[in-house]
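Peer 1: Take a look at run.cif, mmCIF, C-alpha atoms:
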data_final
loop_
_atom_site.label_atom_id
_atom_site.label_comp_id
_atom_site.auth_asym_id
_atom_site.auth_seq_id
_atom_site.Cartn_x
_atom_site.Cartn_y
_atom_site.Cartn_z
CA MET T 26 -36.36 6.90 2.74
CA ALA T 27 -35.30 8.43 -0.57
CA ASP T 28 -38.15 8.23 -3.07
CA GLY T 29 -37.05 6.76 -6.39
CA VAL T 30 -39.97 7.86 -8.56
CA GLY T 31 -40.53 11.32 -9.98
CA PRO T 32 -40.65 12.86 -13.46
CA ALA T 33 -38.74 10.10 -15.19
CA ALA T 34 -36.31 10.74 -18.03
CA LEU T 35 -36.53 8.31 -20.93
CA LEU T 36 -33.39 6.44 -21.91
CA SER T 37 -34.06 6.44 -25.62
CA ASP T 38 -32.29 4.65 -28.42
CA PRO T 39 -32.42 6.35 -31.81
CA ALA T 40 -32.73 3.01 -33.56
CA GLY T 41 -36.09 2.06 -32.14
CA GLN T 42 -36.08 1.18 -28.43
CA ALA T 43 -37.11 4.64 -27.21
CA GLY T 44 -38.71 4.56 -23.77
CA LEU T 45 -38.05 0.88 -23.09
CA ALA T 46 -35.89 1.65 -20.04
CA LYS T 47 -37.11 4.40 -17.74
CA ARG T 48 -34.47 6.12 -15.70
CA LEU T 49 -35.59 6.86 -12.15
CA ASP T 50 -34.96 10.04 -10.20
CA LEU T 51 -32.75 8.22 -7.73
CA MET T 52 -28.98 8.34 -7.46
CA LEU T 53 -26.53 7.08 -4.86
CA ARG T 54 -23.36 9.13 -4.53
CA PRO T 55 -20.29 8.57 -2.36
CA GLU T 56 -20.32 9.91 1.19
CA PRO T 57 -16.79 10.68 2.43
CA ALA T 58 -17.99 11.04 6.03
CA ARG T 59 -18.72 7.30 6.18
CA VAL T 60 -15.61 5.79 7.74
CA VAL T 61 -14.63 2.47 9.22
CA LEU T 62 -11.85 1.77 11.72
CA ARG T 63 -9.36 -0.65 10.21
CA PRO T 64 -5.88 -1.97 11.12
CA PHE T 65 -2.86 0.24 10.49
CA ILE T 66 0.56 -1.38 10.37
CA PRO T 67 3.47 1.07 10.00
CA ALA T 68 5.90 0.19 7.24
CA GLU T 69 9.40 -0.78 8.25
CA ASN T 70 12.01 1.89 7.48
CA GLY T 71 15.22 0.17 8.45
CA SER T 72 16.94 -0.14 11.80
CA VAL T 73 17.44 2.65 14.30
CA GLU T 74 20.83 2.93 15.96
CA GLY T 75 20.76 1.07 19.25
CA GLN T 76 17.41 -0.49 18.41
CA HIS T 77 18.32 -2.54 15.36
CA MET T 78 16.74 -5.67 16.80
CA LYS T 79 13.31 -4.06 17.21
CA SER T 80 10.58 -3.57 14.65
CA ARG T 81 9.05 -0.19 14.03
CA ALA T 82 5.87 -1.30 15.80
CA GLU T 83 7.90 -2.24 18.87
CA ARG T 84 9.57 1.16 18.86
CA ILE T 85 6.17 2.88 18.70
CA LEU T 86 4.97 0.80 21.65
CA ASP T 87 8.13 1.73 23.61
CA ARG T 88 7.26 5.42 23.16
CA VAL T 89 3.68 4.89 24.30
CA LEU T 90 4.75 2.97 27.40
CA ALA T 91 7.27 5.69 28.27
CA LEU T 92 4.56 8.36 28.59
CA GLY T 93 3.83 9.67 32.02
CA GLU T 94 0.40 9.07 33.52
CA GLN T 95 -0.88 12.60 32.80
CA ASP T 96 0.37 12.66 29.19
CA LEU T 97 -1.03 9.18 28.65
CA ARG T 98 -4.48 10.29 29.84
CA VAL T 99 -4.44 13.46 27.70
CA GLU T 100 -3.52 11.57 24.53
CA LEU T 101 -6.02 8.79 25.20
CA ASP T 102 -8.86 11.24 25.86
CA ARG T 103 -8.01 13.06 22.64
CA ALA T 104 -8.01 9.85 20.59
CA VAL T 105 -11.25 8.49 22.06
CA SER T 106 -13.14 11.79 21.79
CA SER T 107 -12.13 12.17 18.13
CA LEU T 108 -13.71 8.79 17.35
CA ALA T 109 -16.74 8.80 19.64
CA ASP T 110 -19.19 10.49 17.26
CA ARG T 111 -18.13 8.32 14.29
CA HIS T 112 -17.85 4.83 15.82
CA ARG T 113 -19.67 2.78 18.42
CA ASP T 114 -17.84 0.98 21.24
CA VAL T 115 -14.63 2.90 20.61
CA GLU T 116 -12.76 1.54 23.61
CA ARG T 117 -13.67 -2.04 22.68
CA LEU T 118 -12.39 -1.46 19.14
CA LEU T 119 -9.09 0.00 20.34
CA GLN T 120 -8.63 -2.77 22.90
CA ARG T 121 -9.31 -5.41 20.25
CA ARG T 122 -6.82 -3.76 17.90
CA PHE T 123 -4.12 -3.75 20.57
CA TYR T 124 -4.53 -7.41 21.43
CA ASP T 125 -4.58 -8.33 17.72
CA MET T 126 -1.07 -6.87 17.53
CA SER T 127 0.28 -7.52 21.02
CA ASP T 128 1.57 -11.04 20.47
CA ARG T 129 3.92 -9.65 17.82
CA PHE T 130 5.72 -7.09 19.97
CA LEU T 131 4.57 -7.09 23.60
CA GLY T 132 7.35 -9.47 24.61
CA GLY T 133 5.84 -10.44 27.94
CA ARG T 134 5.57 -6.85 29.19
CA THR T 135 2.62 -5.86 31.34
CA VAL T 136 0.57 -2.89 30.23
CA SER T 137 -2.25 -1.01 31.92
CA PRO T 138 -5.71 -0.84 30.33
CA GLU T 139 -5.09 2.80 29.40
CA GLN T 140 -1.75 1.98 27.77
CA ALA T 141 -3.40 -0.83 25.79
CA LEU T 142 -6.13 1.50 24.51
CA LEU T 143 -3.70 4.22 23.44
CA ALA T 144 -1.40 1.69 21.79
CA GLY T 145 -4.42 0.32 19.93
CA ALA T 146 -5.11 3.83 18.62
CA TYR T 147 -1.58 3.99 17.19
CA PHE T 148 -2.23 0.79 15.21
CA ALA T 149 -5.64 1.75 13.82
CA GLU T 150 -6.79 4.22 11.19
CA GLU T 151 -10.04 5.63 9.87
CA TYR T 152 -10.75 4.64 6.28
CA SER T 153 -13.29 6.52 4.17
CA PHE T 154 -14.37 3.54 2.13
CA GLU T 155 -16.57 5.40 -0.36
CA ALA T 156 -14.86 8.79 -0.46
CA ALA T 157 -14.22 8.73 -4.22
CA ALA T 158 -16.93 6.60 -5.84
CA LEU T 159 -19.95 4.36 -5.25
CA PHE T 160 -20.91 2.27 -8.26
CA ASN T 161 -21.31 -1.15 -9.96
CA PRO T 162 -24.27 -2.36 -7.89
CA SER T 163 -25.87 -5.78 -7.63
CA ILE T 164 -29.27 -6.51 -6.11
CA VAL T 165 -30.99 -9.54 -4.52
CA PRO T 166 -34.17 -10.20 -2.52
CA HIS T 167 -33.76 -9.36 1.17
CA PRO T 168 -33.87 -12.36 3.56
CA ASP T 169 -36.75 -10.66 5.42
CA GLN T 170 -39.87 -10.18 3.29
CA THR T 171 -42.32 -9.84 6.19
CA GLY T 172 -44.69 -6.92 6.76
CA LEU T 173 -44.84 -5.77 3.14
CA PRO T 174 -47.92 -4.86 1.07
CA ALA T 175 -49.05 -7.36 -1.55
CA GLY T 176 -46.75 -7.48 -4.53
CA ALA T 177 -43.97 -5.48 -2.84
CA ALA T 178 -40.45 -6.73 -2.22
CA ARG T 179 -37.57 -5.75 0.02
CA PHE T 180 -34.07 -5.92 -1.47
CA VAL T 181 -30.38 -5.83 -0.59
CA LEU T 182 -28.12 -3.71 -2.77
CA SER T 183 -24.35 -4.26 -2.82
CA LEU T 184 -22.07 -1.47 -4.03
CA ARG T 185 -18.43 -0.99 -4.90
CA GLY T 186 -17.08 1.85 -2.79
CA VAL T 187 -13.75 3.42 -3.67
CA GLY T 188 -11.66 5.18 -1.05
CA GLU T 189 -8.11 6.32 -0.39
CA GLY T 190 -5.56 4.94 -2.85
CA HIS T 191 -8.39 3.99 -5.23
CA VAL T 192 -8.93 0.84 -3.19
CA SER T 193 -12.34 -0.81 -3.53
CA SER T 194 -14.52 -2.25 -0.74
CA ILE T 195 -18.01 -3.75 -0.55
CA SER T 196 -20.82 -1.82 1.12
CA PHE T 197 -24.57 -2.39 1.28
CA ARG T 198 -27.93 -0.62 1.22
CA THR T 199 -31.48 -1.90 1.66
CA GLY T 200 -34.72 -0.77 0.06
CA GLU T 201 -38.16 -1.67 -1.24
CA ILE T 202 -40.01 -1.81 -4.54
CA THR T 203 -43.80 -1.73 -4.60
CA ALA T 204 -46.09 -3.69 -6.91
CA GLU T 205 -46.53 -0.45 -8.89
CA GLY T 206 -42.77 -0.08 -9.37
CA LYS T 207 -42.15 2.67 -6.81
CA ILE T 208 -38.62 2.29 -5.46
CA THR T 209 -37.09 3.53 -2.23
CA VAL T 210 -33.55 3.08 -0.90
CA ASN T 211 -33.00 3.51 2.82
CA PRO T 212 -30.39 6.10 3.83
CA PRO T 213 -27.20 4.56 5.19
CA SER T 214 -26.48 4.33 8.89
CA ARG T 215 -24.11 6.88 10.37
CA TRP T 216 -22.11 3.92 11.72
CA ALA T 217 -19.88 1.50 9.85
CA THR T 218 -18.60 -1.71 11.40
CA SER T 219 -15.30 -3.53 11.05
CA PRO T 220 -15.42 -7.32 11.46
CA THR T 221 -13.88 -9.86 13.75
CA ILE T 222 -11.67 -11.93 11.43
CA GLU T 223 -10.52 -15.52 11.52
CA THR T 224 -9.08 -17.89 8.94
CA VAL T 225 -10.91 -21.00 7.73
CA PRO T 226 -10.04 -23.78 5.26
CA GLY T 227 -10.13 -22.14 1.85
CA GLY T 228 -11.43 -22.88 -1.62
CA ALA T 229 -7.91 -22.74 -3.06
CA ALA T 230 -5.69 -25.56 -1.85
CA ASP T 231 -2.76 -23.30 -0.93
CA ASP T 232 -4.75 -20.46 0.56
CA PRO T 233 -6.93 -20.26 3.69
CA GLY T 234 -10.23 -18.47 3.51
CA LEU T 235 -11.55 -15.77 5.82
CA ARG T 236 -14.57 -15.70 8.11
CA LEU T 237 -15.83 -12.21 8.95
CA PHE T 238 -18.26 -11.67 11.82
CA TYR T 239 -20.06 -8.32 12.14
CA GLY T 240 -22.15 -8.92 15.25
CA GLN T 241 -25.89 -8.42 15.39
CA HIS T 242 -25.97 -5.12 13.51
CA ASP T 243 -29.29 -3.29 13.24
CA ASP T 244 -28.74 -2.00 9.69
CA LEU T 245 -27.00 -3.81 6.83
CA SER T 246 -25.48 -0.54 5.62
CA GLN T 247 -23.21 -0.74 8.68
CA VAL T 248 -21.39 -3.73 7.15
CA VAL T 249 -18.24 -2.87 5.18
CA ILE T 250 -16.07 -5.60 3.67
CA PHE T 251 -12.69 -4.00 3.01
CA PRO T 252 -9.51 -5.67 1.72
CA ILE T 253 -7.95 -7.92 4.33
CA SER T 254 -5.75 -10.53 2.67
CA PHE T 255 -2.59 -10.11 0.58
CA HIS T 256 -4.52 -11.01 -2.58
CA GLN T 257 -7.14 -8.33 -1.87
CA ARG T 258 -4.90 -5.55 -0.67
CA HIS T 259 -5.54 -3.27 -3.68
CA GLY T 260 -9.26 -3.89 -3.84
CA ILE T 261 -12.36 -6.08 -3.66
CA GLU T 262 -14.17 -5.26 -6.89
CA ASP T 263 -17.60 -5.81 -8.49
CA LEU T 264 -19.45 -8.18 -6.20
CA ARG T 265 -22.18 -10.08 -8.07
CA LEU T 266 -24.67 -11.27 -5.46
CA VAL T 267 -27.17 -14.07 -6.02
CA ARG T 268 -29.77 -15.71 -3.80
CA PHE T 269 -28.96 -19.40 -4.23
CA SER T 270 -31.43 -22.22 -3.52
CA GLU T 271 -30.04 -25.70 -2.99
CA GLU T 272 -31.95 -28.80 -4.05
CA ASP T 273 -32.90 -29.48 -0.41
CA GLY T 274 -34.44 -26.00 -0.13
CA HIS T 275 -31.62 -24.37 1.85
CA VAL T 276 -31.04 -20.75 0.81
CA SER T 277 -27.65 -18.98 0.90
CA TYR T 278 -26.35 -15.79 -0.62
CA PHE T 279 -23.26 -16.10 -2.80
CA GLY T 280 -21.26 -13.41 -4.51
CA THR T 281 -18.34 -13.64 -6.89
CA TYR T 282 -15.89 -10.73 -6.95
CA THR T 283 -12.45 -9.78 -8.21
CA ALA T 284 -9.62 -9.63 -5.69
CA PHE T 285 -6.77 -7.35 -6.83
CA SER T 286 -3.36 -7.62 -5.20
CA GLY T 287 -1.73 -4.83 -7.19
CA GLU T 288 0.06 -7.31 -9.44
CA ALA T 289 -2.60 -9.94 -10.16
CA VAL T 290 -6.34 -10.47 -10.15
CA ARG T 291 -8.22 -13.56 -9.10
CA GLN T 292 -11.83 -14.52 -8.52
CA GLU T 293 -13.10 -15.17 -5.02
CA LEU T 294 -16.47 -16.20 -3.62
CA LEU T 295 -18.40 -14.65 -0.76
CA ARG T 296 -20.96 -16.74 1.11
CA THR T 297 -23.44 -15.75 3.82
CA ASP T 298 -26.71 -17.09 5.20
CA ASP T 299 -27.60 -14.07 7.33
CA PHE T 300 -25.50 -11.01 6.27
CA VAL T 301 -23.88 -11.17 9.71
CA THR T 302 -21.20 -13.81 9.13
CA PHE T 303 -19.43 -13.95 5.76
CA GLU T 304 -16.93 -16.44 4.38
CA LEU T 305 -14.51 -15.40 1.62
CA ASN T 306 -12.65 -18.08 -0.35
CA ALA T 307 -10.60 -18.14 -3.54
CA LEU T 308 -11.81 -20.02 -6.59
CA ARG T 309 -9.50 -22.46 -8.37
CA GLY T 310 -9.31 -24.27 -11.68
CA ARG T 311 -8.40 -23.43 -15.27
CA LEU T 312 -11.27 -20.98 -15.72
CA SER T 313 -11.23 -19.43 -12.25
CA ALA T 314 -9.54 -16.28 -13.59
CA THR T 315 -12.64 -15.58 -15.66
CA LYS T 316 -13.70 -11.96 -15.17
CA GLY T 317 -17.34 -11.22 -14.48
CA MET T 318 -18.12 -14.65 -13.07
CA ALA T 319 -21.72 -14.88 -11.83
CA LEU T 320 -23.41 -17.94 -10.37
CA PHE T 321 -26.80 -19.22 -11.49
CA PRO T 322 -29.33 -19.09 -8.62
CA ARG T 323 -29.71 -22.88 -8.56
CA ARG T 324 -28.01 -26.00 -9.91
CA ILE T 325 -28.57 -26.99 -13.53
CA ASP T 326 -28.94 -30.76 -13.97
CA GLY T 327 -27.32 -31.27 -10.57
CA ARG T 328 -24.27 -29.09 -11.30
CA TYR T 329 -23.29 -25.57 -10.38
CA ALA T 330 -23.30 -23.18 -13.33
CA MET T 331 -21.64 -19.81 -13.91
CA LEU T 332 -21.50 -17.18 -16.59
CA GLY T 333 -18.20 -15.44 -17.19
CA ARG T 334 -15.94 -13.69 -19.68
CA HIS T 335 -12.94 -16.02 -19.81
CA ASP T 336 -11.41 -14.56 -22.98
CA HIS T 337 -12.33 -10.91 -22.26
CA GLU T 338 -14.57 -10.91 -25.36
CA ASN T 339 -17.40 -13.47 -25.22
CA ILE T 340 -19.89 -14.74 -22.66
CA TRP T 341 -19.04 -18.24 -21.45
CA LEU T 342 -21.15 -20.87 -19.71
CA LEU T 343 -19.17 -22.78 -17.06
CA LYS T 344 -20.29 -25.88 -15.16
CA SER T 345 -18.81 -27.70 -12.18
CA ASN T 346 -19.58 -30.26 -9.50
CA ASP T 347 -17.43 -28.26 -7.07
CA LEU T 348 -18.52 -24.74 -6.13
CA TYR T 349 -14.88 -23.64 -5.84
CA ALA T 350 -13.30 -25.40 -8.87
CA TRP T 351 -13.99 -24.30 -12.46
CA ASP T 352 -12.25 -26.08 -15.33
CA SER T 353 -14.71 -26.47 -18.21
CA GLY T 354 -16.83 -24.08 -20.24
CA GLU T 355 -17.99 -22.95 -23.66
CA ILE T 356 -18.78 -19.72 -25.48
CA ILE T 357 -22.53 -19.13 -25.74
CA VAL T 358 -22.85 -15.44 -26.76
CA SER T 359 -20.46 -13.43 -28.95
CA PRO T 360 -20.37 -9.81 -30.13
CA ARG T 361 -22.76 -9.18 -32.99
CA TRP T 362 -23.90 -5.55 -32.99
CA PRO T 363 -21.68 -2.42 -33.34
CA TRP T 364 -22.21 -1.41 -29.68
CA GLU T 365 -20.58 -4.70 -28.58
CA PHE T 366 -17.90 -5.23 -31.24
CA VAL T 367 -14.99 -4.79 -28.80
CA GLN T 368 -16.31 -7.17 -26.15
CA MET T 369 -19.41 -8.28 -24.33
CA GLY T 370 -20.09 -9.89 -21.00
CA ASN T 371 -22.74 -10.67 -18.43
CA CYS T 372 -23.52 -8.02 -15.84
CA GLY T 373 -24.66 -10.32 -13.06
CA SER T 374 -26.30 -13.63 -12.30
CA PRO T 375 -29.02 -14.92 -14.63
CA ILE T 376 -32.59 -14.20 -13.50
CA GLU T 377 -35.05 -17.08 -13.75
CA ILE T 378 -38.35 -16.03 -15.35
CA ASP T 379 -41.12 -18.07 -16.99
CA GLU T 380 -39.58 -17.63 -20.44
CA GLY T 381 -36.03 -18.70 -19.54
CA TRP T 382 -32.88 -17.23 -18.01
CA LEU T 383 -32.75 -13.45 -18.42
CA VAL T 384 -29.20 -12.10 -18.50
CA ILE T 385 -28.29 -8.41 -18.42
CA THR T 386 -25.25 -7.91 -20.65
CA HIS T 387 -22.72 -5.20 -21.31
CA GLY T 388 -21.22 -4.36 -24.66
CA VAL T 389 -18.20 -2.21 -25.50
CA GLY T 390 -18.24 -0.24 -28.72
CA PRO T 391 -16.48 2.74 -30.30
CA ILE T 392 -14.59 5.19 -28.05
CA ARG T 393 -14.76 2.45 -25.39
CA ASN T 394 -18.41 3.19 -24.71
CA TYR T 395 -20.00 0.65 -22.35
CA CYS T 396 -23.71 0.00 -22.93
CA LEU T 397 -26.21 -2.36 -21.29
CA GLY T 398 -28.34 -4.91 -23.12
CA ALA T 399 -29.98 -8.26 -22.41
CA CYS T 400 -30.28 -11.81 -23.68
CA LEU T 401 -32.49 -14.81 -22.94
CA LEU T 402 -31.16 -18.34 -22.45
CA ASP T 403 -33.10 -21.59 -22.53
CA LYS T 404 -34.19 -22.63 -19.04
CA LYS T 405 -33.33 -26.32 -19.43
CA ASP T 406 -30.24 -25.81 -21.57
CA PRO T 407 -28.69 -22.37 -20.87
CA SER T 408 -26.05 -22.98 -23.53
CA ARG T 409 -28.84 -22.27 -26.04
CA LEU T 410 -29.39 -18.58 -26.83
CA ILE T 411 -33.07 -17.83 -27.46
CA ALA T 412 -33.00 -14.07 -28.04
CA ARG T 413 -30.87 -10.95 -27.52
CA SER T 414 -31.05 -7.17 -27.60
CA THR T 415 -30.32 -5.58 -30.95
CA HIS T 416 -29.80 -2.14 -29.40
CA PRO T 417 -28.71 -1.04 -25.92
CA LEU T 418 -31.23 -0.70 -23.14
CA ILE T 419 -29.03 1.98 -21.59
CA ARG T 420 -26.13 3.84 -23.13
CA PRO T 421 -24.05 6.75 -21.76
CA GLY T 422 -25.94 10.01 -22.26
CA SER T 423 -25.10 13.67 -21.90
CA ASP T 424 -25.65 13.50 -18.13
CA THR T 425 -24.28 9.99 -17.63
CA ARG T 426 -20.96 10.00 -19.41
CA ASP T 427 -18.65 12.06 -17.20
CA GLY T 428 -16.75 10.76 -14.21
CA TYR T 429 -13.62 8.84 -13.27
CA VAL T 430 -14.00 6.56 -16.34
CA PRO T 431 -16.04 8.41 -19.00
CA ASN T 432 -18.64 6.76 -21.25
CA VAL T 433 -19.31 3.75 -19.02
CA VAL T 434 -22.61 2.39 -17.71
CA TYR T 435 -22.25 -0.95 -15.95
CA SER T 436 -24.18 -3.22 -13.62
CA CYS T 437 -23.38 -6.26 -11.48
CA GLY T 438 -26.95 -7.49 -11.15
CA ALA T 439 -30.67 -6.78 -11.56
CA ILE T 440 -33.91 -8.12 -10.09
CA VAL T 441 -37.39 -8.89 -11.42
CA VAL T 442 -40.38 -8.02 -9.22
CA GLY T 443 -43.69 -9.05 -10.74
CA ARG T 444 -43.16 -8.25 -14.41
CA THR T 445 -40.83 -5.31 -13.86
CA LEU T 446 -37.06 -5.41 -14.18
CA LEU T 447 -35.28 -3.15 -11.69
CA LEU T 448 -31.82 -2.37 -13.04
CA PRO T 449 -29.33 -0.46 -10.86
CA TYR T 450 -26.16 0.54 -12.69
CA GLY T 451 -22.91 2.40 -12.21
CA VAL T 452 -22.17 5.59 -14.12
CA ALA T 453 -18.61 6.46 -15.21
CA ASP T 454 -17.16 4.46 -12.28
CA SER T 455 -18.43 7.27 -10.05
CA PHE T 456 -22.03 6.92 -8.82
CA THR T 457 -25.10 4.69 -9.07
CA ALA T 458 -28.34 5.27 -10.98
CA PHE T 459 -31.49 3.18 -11.44
CA ALA T 460 -33.81 2.25 -14.30
CA SER T 461 -36.93 0.11 -14.59
CA VAL T 462 -37.96 -1.90 -17.63
CA PRO T 463 -41.33 -3.60 -18.29
CA LEU T 464 -40.36 -7.24 -18.67
CA ASP T 465 -42.88 -8.03 -21.41
CA ARG T 466 -41.74 -5.10 -23.55
CA LEU T 467 -38.12 -6.10 -23.06
CA LEU T 468 -38.74 -9.63 -24.27
CA LEU T 469 -40.71 -8.41 -27.29
CA SER T 470 -37.85 -6.06 -28.24
CA MET T 471 -35.32 -8.89 -28.52
CA THR T 472 -34.35 -10.66 -31.74
#
Since I need it in another form, could you write the structure as structure tokens?
Peer 2:
Amino acid sequence: MADGVGPAALLSDPAGQAGLAKRLDLMLRPEPARVVLRPFIPAENGSVEGQHMKSRAERILDRVLALGEQDLRVELDRAVSSLADRHRDVERLLQRRFYDMSDRFLGGRTVSPEQALLAGAYFAEEYSFEAAALFNPSIVPHPDQTGLPAGAARFVLSLRGVGEGHVSSISFRTGEITAEGKITVNPPSRWATSPTIETVPGGAADDPGLRLFYGQHDDLSQVVIFPISFHQRHGIEDLRLVRFSEEDGHVSYFGTYTAFSGEAVRQELLRTDDFVTFELNALRGRLSATKGMALFPRRIDGRYAMLGRHDHENIWLLKSNDLYAWDSGEIIVSPRWPWEFVQMGNCGSPIEIDEGWLVITHGVGPIRNYCLGACLLDKKDPSRLIARSTHPLIRPGSDTRDGYVPNVVYSCGAIVVGRTLLLPYGVADSFTAFASVPLDRLLLSMT
């Protein structure tokens, strides 16, 4: 485990909130060696003389099937050995990839097991899903809280990993926080797993959803959710996880995220009960394009509730009887202080505490600086703002301003353990840092 507590640096604010947030000596940086095996489909490049009726994939398969037995074995051994120390069950993965593609171009031909494996290798690629960046975390209680000391909690951390082509995927870590506020994050597994994928009836009427099955993995960090559908092909961005309790006591984990096709963005919803099987569905309705959507952890007066940033400037409260349809909402928090004059928004799902709904916010000020603050909403009527930060809890500093997008600190979710707020946050769209905040001092600092 990586220990998250050492000589802590204070994240001070010159206007009077010095020392409120304590930055921890814990950072998560991208690891290019973490790769997942994903489908590769060669682009079409026009017809080839004499083969104008065949696709490029069919032509590749023709070349594989034309190999002699010795050449076939040499190439297959080379492909399998290159993957063996980076992936488990390599032959099963290659076989599955071949049969995923075979109905498109096999044309009734019979192939040997070796030919199928080598053909599968030609239609797969390694993807370094966090080669460039690892940031914008969210955090929720882990489903398994057994075997912990009194007052401690185990958590799941989701992260936005950025790889080749600046395409974003979802990855995970696990960790613990003690009653004294000591934080550890478990190192990631050397393995990463690609899912078995099937379509399911979707949230959007014209669009099927996806069900992803990752098998009984022994470490959640092995799960990687990379873009699969047309609407996601340029990235799955900024998952905001929440542990959701239904009125009958059933617990699920939901997460809203932005799907980017390259031309358009839309909001989609992830759902899982066990972090083994995940369903991904599009949201619909007039307000479903709201950026930063984050679900409350339970219904409010029998209805689902969300926070979002529908107009790219204010925080909105949305309500719906349908988890996948969002048509009505109202502005509840607007920019007030100089560090949020450009825009403000919620950073994740509201956290239910005795005093109300605690919401971590972001504000954008001069030179497009992103800072983090907080507000408190009424527990019975979350449209009513009780209090808010007058100054940032965290702002970009001399060692947290440089990266792919300078002057940005940003979070997709926090957690309260006891009376301590644990706040993971992204730095400059590049890496992840952590801070802790005494909850009582935070509430007293608000206006």
Peer 1: May I have the residues within 10 Å of segment 65-70 of chain T as a list of chain:residue names, using only C-alpha atoms and disregarding those fewer than 6 positions away in the same chain?
Peer 2: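 Using only C-alpha atoms, the neighbours found are T:Ser80, T:Arg81, T:Ala82, T:Ile85, T:Arg122, T:Met126, T:Gly145, T:Ala146, T:Tyr147, T:Phe148, T:Ala149, T:Glu150, T:Glu151, T:Tyr152.
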Peer 1: List, as a list in words, every residue that the PyMOL selection byres ((chain T and resi 302) around 8) selects in the file provided.
Peer 2: Arg236, Leu237, Phe238, Tyr239, Gly240, Thr297, Asp298, Asp299, Phe300, Val301, Phe303 and Glu304 of chain T
Peer 1: Can you tell me, as a list in words, what residues are no more than 7 Å from Arg59 of chain T when counting all atoms listed in the file, ignoring any on the same chain fewer than 6 positions away?
Peer 2: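 Counting all atoms listed in the file, the residues come to Ser153, Arg215 and Ala217 of chain T.
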Peer 1: For Arg323 of chain T, work out the shell of residues within 12 Å, counting all atoms listed in the file and skipping chain neighbours fewer than 2 positions away, then give it as a PyMOL selection string.
Peer 2: chain T and resi 267-279+319-321+325-331+344+348+374-377+382+404-405
Peer 1: If we count only C-alpha atoms, what is near Cys400 of chain T at a cut-off of 9 Å, once residues fewer than 5 positions away on the same chain are taken out, given as a list in words?
Peer 2: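 Non-adjacent residues within range: Val358, Trp382, Leu383, Val384, Ile385, Thr386, Leu410, Ile411, Ala412, Arg413, Ser414, Leu468 and Met471 of chain T.
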Peer 1: Please produce a file of those selected residues containing C-alpha atoms, as a compact mmCIF listing (two decimals), in the frame of the given file.
Peer 2:
# COMPACT_ATOMS: atom_id res chain seq x y z
CA VAL T 358 -22.85 -15.44 -26.76
CA TRP T 382 -32.88 -17.23 -18.01
CA LEU T 383 -32.75 -13.45 -18.42
CA VAL T 384 -29.20 -12.10 -18.50
CA ILE T 385 -28.29 -8.41 -18.42
CA THR T 386 -25.25 -7.91 -20.65
CA LEU T 410 -29.39 -18.58 -26.83
CA ILE T 411 -33.07 -17.83 -27.46
CA ALA T 412 -33.00 -14.07 -28.04
CA ARG T 413 -30.87 -10.95 -27.52
CA SER T 414 -31.05 -7.17 -27.60
CA LEU T 468 -38.74 -9.63 -24.27
CA MET T 471 -35.32 -8.89 -28.52
Peer 1: With distances taken over only C-alpha atoms, which of T:Leu401, T:Ile356, T:Cys437, T:Val248 is nearest to Thr283 of chain T?
Peer 2: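 The shortest atom-to-atom distance to Thr283 of chain T comes from T:Cys437.
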Peer 1: Using only C-alpha atoms, which of the listed residues (T:Ser286, T:Ser408, T:Ser470, T:Ser163) sits closest to Phe255 of chain T?
Peer 2: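 Under the stated criterion, the closest residue is T:Ser286.
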Peer 1: Translate the PyMOL selection byres ((chain T and resi 205-212) around 10) into a concrete residue list for this structure, as a PyMOL selection string.
Peer 2: chain T and resi 26-31+49-53+176-182+198-204+213-215+244+246+442-447+459+461-463
Peer 1: Need the shell around segment 351-354 of chain T: protein/DNA/RNA residues with any atom at most 10 Å away, counting all atoms listed in the file. Skip same-chain ones fewer than 4 positions apart. Format as a PDB file with C-alpha atoms, in the coordinates of the input?
Peer 2:
ATOM      1  CA  LEU T 308     -11.810 -20.020  -6.590  1.00  0.00           C
ATOM      2  CA  ARG T 309      -9.500 -22.460  -8.370  1.00  0.00           C
ATOM      3  CA  GLY T 310      -9.310 -24.270 -11.680  1.00  0.00           C
ATOM      4  CA  ARG T 311      -8.400 -23.430 -15.270  1.00  0.00           C
ATOM      5  CA  LEU T 312     -11.270 -20.980 -15.720  1.00  0.00           C
ATOM      6  CA  SER T 313     -11.230 -19.430 -12.250  1.00  0.00           C
ATOM      7  CA  ALA T 314      -9.540 -16.280 -13.590  1.00  0.00           C
ATOM      8  CA  THR T 315     -12.640 -15.580 -15.660  1.00  0.00           C
ATOM      9  CA  TYR T 329     -23.290 -25.570 -10.380  1.00  0.00           C
ATOM     10  CA  ALA T 330     -23.300 -23.180 -13.330  1.00  0.00           C
ATOM     11  CA  MET T 331     -21.640 -19.810 -13.910  1.00  0.00           C
ATOM     12  CA  LEU T 332     -21.500 -17.180 -16.590  1.00  0.00           C
ATOM     13  CA  GLY T 333     -18.200 -15.440 -17.190  1.00  0.00           C
ATOM     14  CA  HIS T 335     -12.940 -16.020 -19.810  1.00  0.00           C
ATOM     15  CA  TRP T 341     -19.040 -18.240 -21.450  1.00  0.00           C
ATOM     16  CA  LEU T 342     -21.150 -20.870 -19.710  1.00  0.00           C
ATOM     17  CA  LEU T 343     -19.170 -22.780 -17.060  1.00  0.00           C
ATOM     18  CA  LYS T 344     -20.290 -25.880 -15.160  1.00  0.00           C
ATOM     19  CA  SER T 345     -18.810 -27.700 -12.180  1.00  0.00           C
ATOM     20  CA  ASN T 346     -19.580 -30.260  -9.500  1.00  0.00           C
ATOM     21  CA  ASP T 347     -17.430 -28.260  -7.070  1.00  0.00           C
ATOM     22  CA  SER T 408     -26.050 -22.980 -23.530  1.00  0.00           C
TER      23      SER T 408
END
